[in-house]
$ cat query20.csv   # CSV, C-alpha atoms
chain,number,residue,atom,x,y,z
A,1,PHE,CA,-22.9,-1.0,49.3
A,2,TYR,CA,-26.4,-2.0,50.2
A,3,LEU,CA,-27.7,-0.9,46.8
A,4,THR,CA,-24.7,-2.3,44.9
A,5,ASP,CA,-25.1,-5.8,46.6
A,6,ALA,CA,-28.8,-5.8,46.1
A,7,PHE,CA,-28.6,-4.8,42.4
A,8,LEU,CA,-26.0,-7.4,41.6
A,9,ARG,CA,-27.9,-10.2,43.3
A,10,LEU,CA,-31.0,-9.1,41.4
A,11,LEU,CA,-29.5,-8.7,38.0
A,12,LEU,CA,-27.2,-11.8,38.1
A,13,TRP,CA,-29.8,-14.2,39.6
A,14,ARG,CA,-27.8,-14.9,42.7
A,15,GLY,CA,-29.7,-17.1,45.2
A,16,THR,CA,-31.1,-15.5,48.3
A,17,PHE,CA,-34.0,-17.8,49.4
A,18,PRO,CA,-32.8,-21.1,51.0
A,19,VAL,CA,-34.6,-24.3,49.8
A,20,ASN,CA,-34.0,-27.8,51.1
A,21,LEU,CA,-34.1,-30.5,48.4
A,22,PHE,CA,-32.8,-34.0,48.8
A,23,GLY,CA,-31.0,-33.2,52.0
A,24,LYS,CA,-29.1,-30.3,50.5
A,25,THR,CA,-29.7,-26.5,50.8
A,26,PHE,CA,-30.0,-24.5,47.6
A,27,HIS,CA,-30.4,-20.7,47.4
A,28,PHE,CA,-33.2,-19.9,45.0
A,29,PRO,CA,-33.1,-16.4,43.2
A,30,ILE,CA,-36.7,-15.6,44.2
A,31,HIS,CA,-36.2,-11.8,43.9
A,32,SER,CA,-34.7,-12.1,40.4
A,33,LEU,CA,-37.6,-14.3,39.3
A,34,MET,CA,-40.2,-11.9,40.7
A,35,ALA,CA,-38.5,-9.0,39.0
A,36,PHE,CA,-38.4,-10.7,35.6
A,37,VAL,CA,-42.1,-11.8,35.8
A,38,SER,CA,-43.4,-8.5,37.0
A,39,LEU,CA,-41.4,-6.5,34.4
A,40,ALA,CA,-42.4,-8.8,31.6
A,41,PHE,CA,-46.1,-8.4,32.7
A,42,VAL,CA,-46.0,-4.6,33.1
A,43,VAL,CA,-44.4,-3.9,29.7
A,44,GLU,CA,-47.3,-5.8,28.1
A,45,GLN,CA,-49.9,-4.1,30.4
A,46,PRO,CA,-48.6,-0.5,31.0
A,47,GLN,CA,-51.8,0.5,32.8
A,48,PHE,CA,-50.5,-1.4,35.8
A,49,ILE,CA,-47.3,0.8,36.0
A,50,PRO,CA,-48.6,2.8,39.0
A,51,ALA,CA,-49.5,-0.4,40.8
A,52,TRP,CA,-46.2,-2.0,39.9
A,53,TRP,CA,-44.3,1.1,41.1
A,54,PHE,CA,-45.8,1.0,44.6
A,55,GLY,CA,-45.5,-2.8,44.8
A,56,CYS,CA,-41.8,-2.5,43.7
A,57,ILE,CA,-41.1,-0.1,46.6
A,58,GLY,CA,-42.8,-2.4,49.1
A,59,TRP,CA,-40.9,-5.3,47.6
A,60,ILE,CA,-37.6,-3.5,48.0
A,61,MET,CA,-38.5,-2.8,51.7
A,62,ILE,CA,-39.2,-6.5,52.2
A,63,GLY,CA,-35.8,-7.3,50.6
A,64,THR,CA,-33.9,-4.9,53.0
A,65,MET,CA,-35.9,-6.4,55.9
A,66,ASP,CA,-34.8,-9.9,54.8
A,67,TYR,CA,-31.2,-8.7,54.6
A,68,ARG,CA,-31.3,-7.3,58.2
A,69,LEU,CA,-32.9,-10.5,59.5
A,70,HIS,CA,-30.0,-12.6,58.1
A,71,LEU,CA,-27.3,-10.4,59.6
A,72,PRO,CA,-25.0,-12.5,61.9
A,73,SER,CA,-25.3,-10.1,64.8
A,74,PRO,CA,-28.7,-10.5,66.6
A,75,TRP,CA,-28.5,-7.0,67.8
A,76,LEU,CA,-28.7,-5.6,64.3
A,77,ARG,CA,-31.8,-7.6,63.3
A,78,CYS,CA,-35.3,-6.1,63.1
A,79,LYS,CA,-38.8,-7.4,63.5
A,80,HIS,CA,-40.4,-9.3,60.7
A,81,PHE,CA,-43.2,-7.7,58.6
A,82,LEU,CA,-45.6,-10.5,59.5
A,83,GLU,CA,-44.8,-10.0,63.2
A,84,HIS,CA,-46.0,-6.4,63.0
A,85,ILE,CA,-49.2,-7.6,61.3
A,86,GLY,CA,-49.8,-10.2,63.9
A,87,THR,CA,-49.3,-7.6,66.6
A,88,ILE,CA,-51.9,-5.3,65.0
A,89,ILE,CA,-54.4,-8.1,64.7
A,90,THR,CA,-54.0,-9.9,68.0
A,91,GLY,CA,-52.6,-7.0,70.1
A,92,SER,CA,-49.5,-9.0,71.1
A,93,SER,CA,-46.5,-10.2,69.2
A,94,PRO,CA,-47.0,-13.8,67.8
A,95,ALA,CA,-43.3,-14.5,67.9
A,96,ALA,CA,-41.7,-15.6,71.1
A,97,PRO,CA,-39.1,-13.3,72.6
A,98,HIS,CA,-35.6,-14.1,71.3
A,99,SER,CA,-33.2,-14.6,74.1
A,100,ILE,CA,-29.7,-13.4,73.0
A,101,GLN,CA,-27.0,-15.5,74.5
A,102,ALA,CA,-23.7,-14.1,75.6
A,103,PHE,CA,-21.3,-13.7,72.6
A,104,GLU,CA,-23.9,-15.2,70.3
A,105,ASN,CA,-22.5,-15.4,66.7
A,106,ALA,CA,-19.7,-13.2,67.9
A,107,GLU,CA,-17.1,-14.5,65.5
A,108,GLU,CA,-19.5,-14.2,62.5
A,109,ALA,CA,-20.5,-10.7,63.5
A,110,ASN,CA,-16.9,-9.6,64.0
A,111,ALA,CA,-16.0,-11.0,60.6
A,112,PHE,CA,-18.9,-9.2,59.0
A,113,VAL,CA,-17.9,-5.9,60.6
A,114,GLU,CA,-14.3,-6.3,59.6
A,115,THR,CA,-15.3,-7.2,56.0
A,116,TRP,CA,-17.6,-4.1,55.9
A,117,LYS,CA,-14.8,-1.8,57.2
A,118,LYS,CA,-12.4,-3.2,54.7
A,119,ARG,CA,-14.8,-2.5,51.9
A,120,ILE,CA,-15.2,1.1,53.1
A,121,LYS,CA,-11.4,1.5,53.4
A,122,ASP,CA,-10.8,0.1,49.9
A,123,SER,CA,-13.5,2.3,48.5
A,124,GLU,CA,-11.9,5.4,50.1
A,125,GLU,CA,-8.4,4.5,49.0
A,126,ALA,CA,-9.7,3.9,45.4
A,127,ALA,CA,-11.4,7.3,45.5
A,128,ALA,CA,-8.2,9.0,46.8
A,129,HIS,CA,-6.1,7.3,44.2
A,130,GLU,CA,-8.5,8.4,41.4
A,131,TYR,CA,-8.3,11.9,42.7
A,132,GLU,CA,-4.5,11.9,42.7
A,133,GLU,CA,-4.5,10.5,39.2
A,134,ASN,CA,-6.9,13.2,38.0
A,135,MET,CA,-4.7,15.9,39.6
A,136,LYS,CA,-1.6,14.6,37.9
A,137,ALA,CA,-3.4,14.6,34.6
A,138,GLN,CA,-4.5,18.2,35.1
A,139,GLU,CA,-1.0,19.3,36.1
A,140,GLU,CA,0.4,17.6,33.0
A,141,LEU,CA,-2.2,19.3,30.9
A,142,GLN,CA,-1.2,22.6,32.5
A,143,ARG,CA,2.5,22.1,31.7
A,144,GLU,CA,1.6,21.3,28.1
A,145,MET,CA,-0.4,24.5,27.9
A,146,GLU,CA,2.5,26.5,29.4
A,147,GLU,CA,4.9,25.0,26.8
A,148,ILE,CA,2.7,26.3,24.0
A,149,GLY,CA,2.5,29.7,25.6
A,150,ASP,CA,-0.9,29.6,27.2
A,151,VAL,CA,-0.2,30.1,30.8
A,152,GLY,CA,-3.2,29.4,33.0
A,153,THR,CA,-3.9,29.4,36.7
A,154,ASP,CA,-2.3,26.8,38.9
A,155,ILE,CA,-5.1,24.4,39.4
A,156,SER,CA,-3.2,22.3,41.8
A,157,ALA,CA,-2.9,25.1,44.4
A,158,ASP,CA,-3.9,23.8,47.8
A,159,ASN,CA,-5.5,26.2,50.3
A,160,ARG,CA,-5.2,23.9,53.3
A,161,GLY,CA,-1.8,25.1,54.2
A,162,GLY,CA,-2.9,28.7,54.7
A,163,SER,CA,-1.7,30.0,51.4
A,164,GLY,CA,-3.5,30.7,48.2
A,165,LEU,CA,-6.9,32.3,47.6
A,166,SER,CA,-9.1,32.5,50.6
A,167,VAL,CA,-12.8,31.5,50.3
A,168,ASP,CA,-13.8,33.9,53.1
A,169,PRO,CA,-15.3,36.4,50.5
A,170,PHE,CA,-17.7,33.7,49.5
A,171,LYS,CA,-18.9,32.9,53.0
A,172,SER,CA,-22.2,34.8,52.5
A,173,VAL,CA,-22.9,32.7,49.5
A,174,LEU,CA,-21.6,29.4,50.6
A,175,PHE,CA,-22.8,29.3,54.2
A,176,PRO,CA,-26.6,29.2,53.3
A,177,VAL,CA,-25.7,26.4,50.8
A,178,GLN,CA,-23.9,24.5,53.5
A,179,GLN,CA,-26.9,24.9,55.8
A,180,ASN,CA,-29.2,23.5,53.1
A,181,LEU,CA,-26.9,20.7,52.4
A,182,ALA,CA,-26.8,19.8,56.2
A,183,MET,CA,-30.6,19.8,56.2
A,184,ILE,CA,-30.7,17.5,53.1
A,185,CYS,CA,-28.1,15.2,54.7
A,186,LYS,CA,-30.3,15.0,57.8
A,187,TYR,CA,-33.4,14.1,55.8
A,188,LEU,CA,-31.4,11.5,53.8
A,189,ARG,CA,-30.1,10.0,57.0
A,190,HIS,CA,-33.7,9.5,58.2
A,191,ILE,CA,-34.8,8.0,54.9
A,192,ARG,CA,-31.8,5.6,55.1
A,193,TYR,CA,-32.9,4.5,58.5
A,194,ILE,CA,-36.4,3.8,57.2
A,195,LEU,CA,-35.1,1.9,54.1
A,196,ILE,CA,-32.8,-0.4,56.1
A,197,TRP,CA,-35.4,-1.0,58.8
A,198,GLN,CA,-33.4,0.7,61.5
A,199,GLU,CA,-36.7,2.4,62.4
A,200,SER,CA,-38.7,-0.8,62.0
A,201,TYR,CA,-42.1,0.6,63.0
A,202,ILE,CA,-42.0,3.4,60.5
A,203,SER,CA,-40.6,1.0,57.9
A,204,PHE,CA,-43.5,-1.4,58.5
A,205,TRP,CA,-46.2,1.3,58.0
A,206,PHE,CA,-44.4,2.6,54.9
A,207,THR,CA,-44.2,-0.9,53.4
A,208,ALA,CA,-47.8,-1.6,54.2
A,209,GLY,CA,-48.9,1.7,52.7
A,210,CYS,CA,-47.0,0.9,49.5
A,211,PHE,CA,-48.6,-2.5,49.2
A,212,LEU,CA,-52.1,-1.0,49.9
A,213,LEU,CA,-51.5,1.7,47.2
A,214,SER,CA,-50.3,-1.0,44.8
A,215,ILE,CA,-53.6,-2.9,45.3
A,216,LEU,CA,-55.7,0.2,44.9
A,217,CYS,CA,-53.9,1.4,41.8
A,218,ALA,CA,-54.4,-2.0,40.1
A,219,PHE,CA,-58.2,-1.3,40.0
A,220,ILE,CA,-58.0,2.3,38.8
A,221,PRO,CA,-58.6,2.8,35.0
A,222,TRP,CA,-55.5,4.9,34.4
A,223,PHE,CA,-55.9,5.0,30.6
A,224,PHE,CA,-59.5,6.3,30.9
A,225,ILE,CA,-58.5,8.9,33.5
A,226,ILE,CA,-55.5,10.1,31.4
A,227,LYS,CA,-57.6,10.2,28.3
A,228,TRP,CA,-60.4,12.3,29.7
A,229,THR,CA,-58.2,14.5,31.8
A,230,SER,CA,-56.2,15.4,28.7
A,231,ARG,CA,-59.5,16.0,26.8
A,232,LEU,CA,-60.8,18.3,29.5
A,233,PHE,CA,-57.5,20.2,29.7
A,234,VAL,CA,-57.2,20.8,25.9
A,235,TRP,CA,-60.9,21.6,25.3
A,236,SER,CA,-61.1,23.9,28.4
A,237,LEU,CA,-57.9,25.9,28.0
A,238,PHE,CA,-57.1,26.0,24.3
A,239,GLY,CA,-60.4,26.5,22.6
A,240,PRO,CA,-61.6,29.7,20.8
A,241,TRP,CA,-63.8,30.5,23.8
A,242,MET,CA,-60.7,31.6,25.7
A,243,LYS,CA,-61.2,34.8,23.7
A,244,LEU,CA,-64.3,35.5,25.8
A,245,VAL,CA,-62.3,34.9,28.9
A,246,ASP,CA,-59.9,37.5,27.7
A,247,ILE,CA,-62.6,40.0,26.9
A,248,TYR,CA,-64.8,39.7,30.0
A,249,TYR,CA,-62.1,38.9,32.7
A,250,VAL,CA,-58.4,39.2,31.8
A,251,SER,CA,-58.7,42.5,30.0
A,252,THR,CA,-60.7,44.0,32.9
A,253,LEU,CA,-57.9,43.3,35.3
A,254,ASP,CA,-55.6,45.7,33.5
A,255,ASP,CA,-58.2,48.5,33.8
A,256,PHE,CA,-57.9,48.7,37.6
A,257,THR,CA,-56.0,51.7,38.9
A,258,GLU,CA,-53.9,51.8,42.1
A,259,GLU,CA,-56.8,53.5,43.9
A,260,ASP,CA,-59.2,50.7,42.8
A,261,LEU,CA,-56.9,48.0,44.1
A,262,LYS,CA,-56.5,49.9,47.4
A,263,GLU,CA,-60.2,50.2,47.7
A,264,GLN,CA,-60.7,46.5,47.1
A,265,ARG,CA,-58.1,45.7,49.7
A,266,LEU,CA,-59.8,47.9,52.2
A,267,LYS,CA,-63.2,46.4,51.4
A,268,SER,CA,-61.8,42.9,51.8
A,269,ARG,CA,-60.2,43.8,55.1
A,270,GLU,CA,-63.5,45.3,56.4
A,271,GLN,CA,-65.4,42.2,55.4
A,272,ARG,CA,-62.9,40.0,57.2
A,273,ARG,CA,-63.1,42.2,60.3
A,274,LEU,CA,-66.9,42.0,60.3
A,275,ALA,CA,-66.8,38.3,59.9
A,276,THR,CA,-64.4,37.9,62.8
A,277,ALA,CA,-66.5,40.2,65.0
A,278,ALA,CA,-69.7,38.2,64.2
A,279,ALA,CA,-67.9,34.9,65.0
A,280,ILE,CA,-66.7,36.2,68.3
A,281,SER,CA,-70.2,37.5,69.3

$ encode --input "query20.csv" --output "structure tokens"
Amino acid sequence: FYLTDAFLRLLLWRGTFPVNLFGKTFHFPIHSLMAFVSLAFVVEQPQFIPAWWFGCIGWIMIGTMDYRLHLPSPWLRCKHFLEHIGTIITGSSPAAPHSIQAFENAEEANAFVETWKKRIKDSEEAAAHEYEENMKAQEELQREMEEIGDVGTDISADNRGGSGLSVDPFKSVLFPVQQNLAMICKYLRHIRYILIWQESYISFWFTAGCFLLSILCAFIPWFFIIKWTSRLFVWSLFGPWMKLVDIYYVSTLDDFTEEDLKEQRLKSREQRRLATAAAIS
């Protein structure tokens, strides 16, 4: 839901930045404006794509930080990016400690939590309904195939009741996959904590690093580097002189017998032993 809400706000120019004009508060779509200007610039100057990429990541991190700072519950908020910078420069936090009162914004926080739970419940119900519809469509297709004489396997068989085909024979194959998936989920969970500023200190350093790389990449002549790297690659590895490499190096590798390779390994091991003994003494 975080990504969906952020993408819709960005694409549809929904206001996020409050501006007071003539006694009224307007929400200005600052993120949409920045996205449009930066993309319009980078398509005309593609050499700034690496700088734009890192700047975009840092900008997304600032957006998620701003989202957490405006949550109704003060317990879910994080420190501001500028507060971290002030702490690094001065050695102490420039912002005064926020004293959370008893039941502060309790009604708004509870309403936010209930709305969030409802969105999750509606999404799960929609997914379950879609699954049931797909199963009905598959069963209907199976009946149609049976009517024309092409009897297939019952795809609606459920193994949860203890009947049907057991997956135990595939345990040796599926168990390592499940372990890898568990590890991937663990890493994704940590990445999520960083992206939503739940680990605010790591998020700050990650954001600062992205902005620093964006500034550095803006001064790197990428077209020049790509051009000369490509030239060196082509002229070094695809020229006719590679025939000399074949004659004087690659072809000689095939002439080694098993005894020669064994002798080389023994010689290398002896040299390593002598070097270790010399270092100890």

$ residues_around --input "query20.csv" --residues "stretch 66-70 of chain A" --least-positions-apart "5" --cutoff "9 Å" --atoms "all atoms listed in the file" --output "PyMOL selection string"
chain A and resi 61+76-80+196-198

$ write_last_selection --input "query20.csv" --atoms "C-alpha atoms" --output "compact mmCIF listing (two decimals), in the frame of the given file"
# COMPACT_ATOMS: atom_id res chain seq x y z
CA MET A 61 -38.50 -2.80 51.70
CA LEU A 76 -28.70 -5.60 64.30
CA ARG A 77 -31.80 -7.60 63.30
CA CYS A 78 -35.30 -6.10 63.10
CA LYS A 79 -38.80 -7.40 63.50
CA HIS A 80 -40.40 -9.30 60.70
CA ILE A 196 -32.80 -0.40 56.10
CA TRP A 197 -35.40 -1.00 58.80
CA GLN A 198 -33.40 0.70 61.50

$ closest_atom_pairs --input "query20.csv" --of "stretch 37-126 of chain A" --to "stretch 215-230 of chain A" --cutoff "7 Å" --atoms "all atoms listed in the file" --output "JSON lines"
{"residue": "A:Gln47", "atom": "CA", "partner": "A:Trp222", "partner_atom": "CA", "distance": 6.0}
{"residue": "A:Phe48", "atom": "CA", "partner": "A:Ala218", "partner_atom": "CA", "distance": 5.8}
{"residue": "A:Pro50", "atom": "CA", "partner": "A:Cys217", "partner_atom": "CA", "distance": 6.2}
{"residue": "A:Ala51", "atom": "CA", "partner": "A:Cys217", "partner_atom": "CA", "distance": 4.9}

$ closest_residue --input "query20.csv" --among "A:Pro72, A:Ile280, A:Arg143, A:Trp13" --to "A:Phe103" --atoms "only C-alpha atoms"
A:Pro72

$ residues_around --input "query20.csv" --residues "A:Ile30" --least-positions-apart "4" --cutoff "9 Å" --atoms "all atoms listed in the file" --output "list of chain:residue names"
A:Trp13, A:Gly15, A:Thr16, A:Phe17, A:Met34, A:Ala35

$ atom_distance --input "query20.csv" --atom1 "atom CA of A:Phe204" --atom2 "atom CA of A:Phe81"
6.3 Å

$ closest_residue --input "query20.csv" --among "A:Tyr187, A:Phe36, A:Tyr131, A:Tyr193" --to "A:Thr64" --atoms "all atoms listed in the file"
A:Tyr193

$ residues_near_point --input "query20.csv" --point "(-44.9, -18.4, 63.3)" --cutoff "10 Å" --atoms "only C-alpha atoms" --output "number ranges by chain"
A: 82-83, 86, 94-96

$ closest_residue --input "query20.csv" --among "A:His31, A:Gln179, A:Val234, A:Glu147" --to "A:Leu8" --atoms "only C-alpha atoms"
A:His31

$ decode --input "query20.csv" --residues "stretch 212-251 of chain A" --atoms "N, CA and C atoms" --output "mmCIF file, in the first residue's frame"
data_model
loop_
_atom_site.group_PDB
_atom_site.id
_atom_site.type_symbol
_atom_site.label_atom_id
_atom_site.label_comp_id
_atom_site.auth_asym_id
_atom_site.auth_seq_id
_atom_site.Cartn_x
_atom_site.Cartn_y
_atom_site.Cartn_z
ATOM 1 N N LEU A 212 25.027 11.934 -1.998
ATOM 2 C CA LEU A 212 26.443 12.168 -2.274
ATOM 3 C C LEU A 212 26.851 11.537 -3.600
ATOM 4 N N LEU A 213 26.419 10.304 -3.843
ATOM 5 C CA LEU A 213 26.720 9.653 -5.120
ATOM 6 C C LEU A 213 26.074 10.388 -6.287
ATOM 7 N N SER A 214 24.891 10.943 -6.056
ATOM 8 C CA SER A 214 24.229 11.703 -7.115
ATOM 9 C C SER A 214 25.049 12.931 -7.499
ATOM 10 N N ILE A 215 25.586 13.619 -6.494
ATOM 11 C CA ILE A 215 26.405 14.803 -6.778
ATOM 12 C C ILE A 215 27.697 14.412 -7.486
ATOM 13 N N LEU A 216 28.335 13.337 -7.021
ATOM 14 C CA LEU A 216 29.586 12.904 -7.647
ATOM 15 C C LEU A 216 29.363 12.443 -9.084
ATOM 16 N N CYS A 217 28.286 11.700 -9.306
ATOM 17 C CA CYS A 217 28.016 11.188 -10.658
ATOM 18 C C CYS A 217 27.706 12.310 -11.640
ATOM 19 N N ALA A 218 27.224 13.440 -11.129
ATOM 20 C CA ALA A 218 26.905 14.553 -12.023
ATOM 21 C C ALA A 218 28.153 15.142 -12.670
ATOM 22 N N PHE A 219 29.333 14.943 -12.054
ATOM 23 C CA PHE A 219 30.573 15.515 -12.584
ATOM 24 C C PHE A 219 31.421 14.478 -13.321
ATOM 25 N N ILE A 220 30.934 13.264 -13.437
ATOM 26 C CA ILE A 220 31.681 12.222 -14.143
ATOM 27 C C ILE A 220 31.289 12.237 -15.618
ATOM 28 N N PRO A 221 32.259 12.314 -16.537
ATOM 29 C CA PRO A 221 31.937 12.310 -17.987
ATOM 30 C C PRO A 221 31.590 10.899 -18.462
ATOM 31 N N TRP A 222 30.340 10.519 -18.302
ATOM 32 C CA TRP A 222 29.940 9.141 -18.581
ATOM 33 C C TRP A 222 30.090 8.790 -20.055
ATOM 34 N N PHE A 223 29.743 9.708 -20.953
ATOM 35 C CA PHE A 223 29.868 9.409 -22.380
ATOM 36 C C PHE A 223 31.321 9.139 -22.756
ATOM 37 N N PHE A 224 32.241 9.928 -22.207
ATOM 38 C CA PHE A 224 33.663 9.735 -22.483
ATOM 39 C C PHE A 224 34.136 8.384 -21.956
ATOM 40 N N ILE A 225 33.709 8.029 -20.734
ATOM 41 C CA ILE A 225 34.121 6.752 -20.136
ATOM 42 C C ILE A 225 33.556 5.573 -20.919
ATOM 43 N N ILE A 226 32.272 5.656 -21.278
ATOM 44 C CA ILE A 226 31.659 4.555 -22.030
ATOM 45 C C ILE A 226 32.311 4.404 -23.400
ATOM 46 N N LYS A 227 32.588 5.525 -24.042
ATOM 47 C CA LYS A 227 33.182 5.481 -25.377
ATOM 48 C C LYS A 227 34.554 4.835 -25.350
ATOM 49 N N TRP A 228 35.434 5.269 -24.436
ATOM 50 C CA TRP A 228 36.793 4.747 -24.413
ATOM 51 C C TRP A 228 36.864 3.355 -23.795
ATOM 52 N N THR A 229 35.975 3.044 -22.881
ATOM 53 C CA THR A 229 35.923 1.673 -22.360
ATOM 54 C C THR A 229 35.508 0.703 -23.453
ATOM 55 N N SER A 230 34.539 1.102 -24.257
ATOM 56 C CA SER A 230 34.115 0.251 -25.374
ATOM 57 C C SER A 230 35.228 0.098 -26.398
ATOM 58 N N ARG A 231 35.941 1.177 -26.667
ATOM 59 C CA ARG A 231 37.051 1.096 -27.612
ATOM 60 C C ARG A 231 38.136 0.144 -27.118
ATOM 61 N N LEU A 232 38.514 0.282 -25.858
ATOM 62 C CA LEU A 232 39.542 -0.599 -25.309
ATOM 63 C C LEU A 232 39.090 -2.052 -25.319
ATOM 64 N N PHE A 233 37.826 -2.281 -25.024
ATOM 65 C CA PHE A 233 37.306 -3.647 -25.006
ATOM 66 C C PHE A 233 37.361 -4.277 -26.394
ATOM 67 N N VAL A 234 36.908 -3.540 -27.396
ATOM 68 C CA VAL A 234 36.867 -4.083 -28.758
ATOM 69 C C VAL A 234 38.267 -4.265 -29.316
ATOM 70 N N TRP A 235 39.104 -3.228 -29.179
ATOM 71 C CA TRP A 235 40.437 -3.298 -29.780
ATOM 72 C C TRP A 235 41.369 -4.238 -29.017
ATOM 73 N N SER A 236 41.056 -4.533 -27.776
ATOM 74 C CA SER A 236 41.920 -5.435 -27.007
ATOM 75 C C SER A 236 41.561 -6.896 -27.211
ATOM 76 N N LEU A 237 40.288 -7.205 -27.317
ATOM 77 C CA LEU A 237 39.863 -8.606 -27.299
ATOM 78 C C LEU A 237 39.394 -9.148 -28.643
ATOM 79 N N PHE A 238 39.174 -8.304 -29.624
ATOM 80 C CA PHE A 238 38.614 -8.792 -30.879
ATOM 81 C C PHE A 238 39.499 -8.494 -32.087
ATOM 82 N N GLY A 239 40.722 -8.048 -31.863
ATOM 83 C CA GLY A 239 41.627 -7.764 -32.971
ATOM 84 C C GLY A 239 42.357 -9.008 -33.451
ATOM 85 N N PRO A 240 43.039 -8.916 -34.596
ATOM 86 C CA PRO A 240 43.767 -10.080 -35.142
ATOM 87 C C PRO A 240 44.929 -10.526 -34.274
ATOM 88 N N TRP A 241 45.411 -9.661 -33.383
ATOM 89 C CA TRP A 241 46.511 -10.046 -32.501
ATOM 90 C C TRP A 241 46.105 -11.099 -31.474
ATOM 91 N N MET A 242 44.804 -11.366 -31.366
ATOM 92 C CA MET A 242 44.383 -12.444 -30.475
ATOM 93 C C MET A 242 44.881 -13.796 -30.971
ATOM 94 N N LYS A 243 45.242 -13.874 -32.263
ATOM 95 C CA LYS A 243 45.837 -15.108 -32.784
ATOM 96 C C LYS A 243 47.178 -15.377 -32.115
ATOM 97 N N LEU A 244 47.943 -14.311 -31.842
ATOM 98 C CA LEU A 244 49.213 -14.471 -31.135
ATOM 99 C C LEU A 244 48.985 -14.968 -29.709
ATOM 100 N N VAL A 245 47.913 -14.498 -29.090
ATOM 101 C CA VAL A 245 47.581 -14.982 -27.752
ATOM 102 C C VAL A 245 47.279 -16.472 -27.795
ATOM 103 N N ASP A 246 46.603 -16.878 -28.856
ATOM 104 C CA ASP A 246 46.294 -18.299 -29.004
ATOM 105 C C ASP A 246 47.560 -19.126 -29.201
ATOM 106 N N ILE A 247 48.494 -18.602 -30.022
ATOM 107 C CA ILE A 247 49.706 -19.369 -30.344
ATOM 108 C C ILE A 247 50.633 -19.472 -29.136
ATOM 109 N N TYR A 248 50.854 -18.348 -28.462
ATOM 110 C CA TYR A 248 51.884 -18.313 -27.427
ATOM 111 C C TYR A 248 51.357 -18.563 -26.011
ATOM 112 N N TYR A 249 50.031 -18.616 -25.835
ATOM 113 C CA TYR A 249 49.535 -18.834 -24.475
ATOM 114 C C TYR A 249 48.447 -19.906 -24.409
ATOM 115 N N VAL A 250 47.328 -19.688 -25.105
ATOM 116 C CA VAL A 250 46.193 -20.597 -24.964
ATOM 117 C C VAL A 250 46.539 -21.993 -25.453
ATOM 118 N N SER A 251 47.238 -22.083 -26.598
ATOM 119 C CA SER A 251 47.575 -23.403 -27.141
ATOM 120 C C SER A 251 48.531 -24.159 -26.240
#
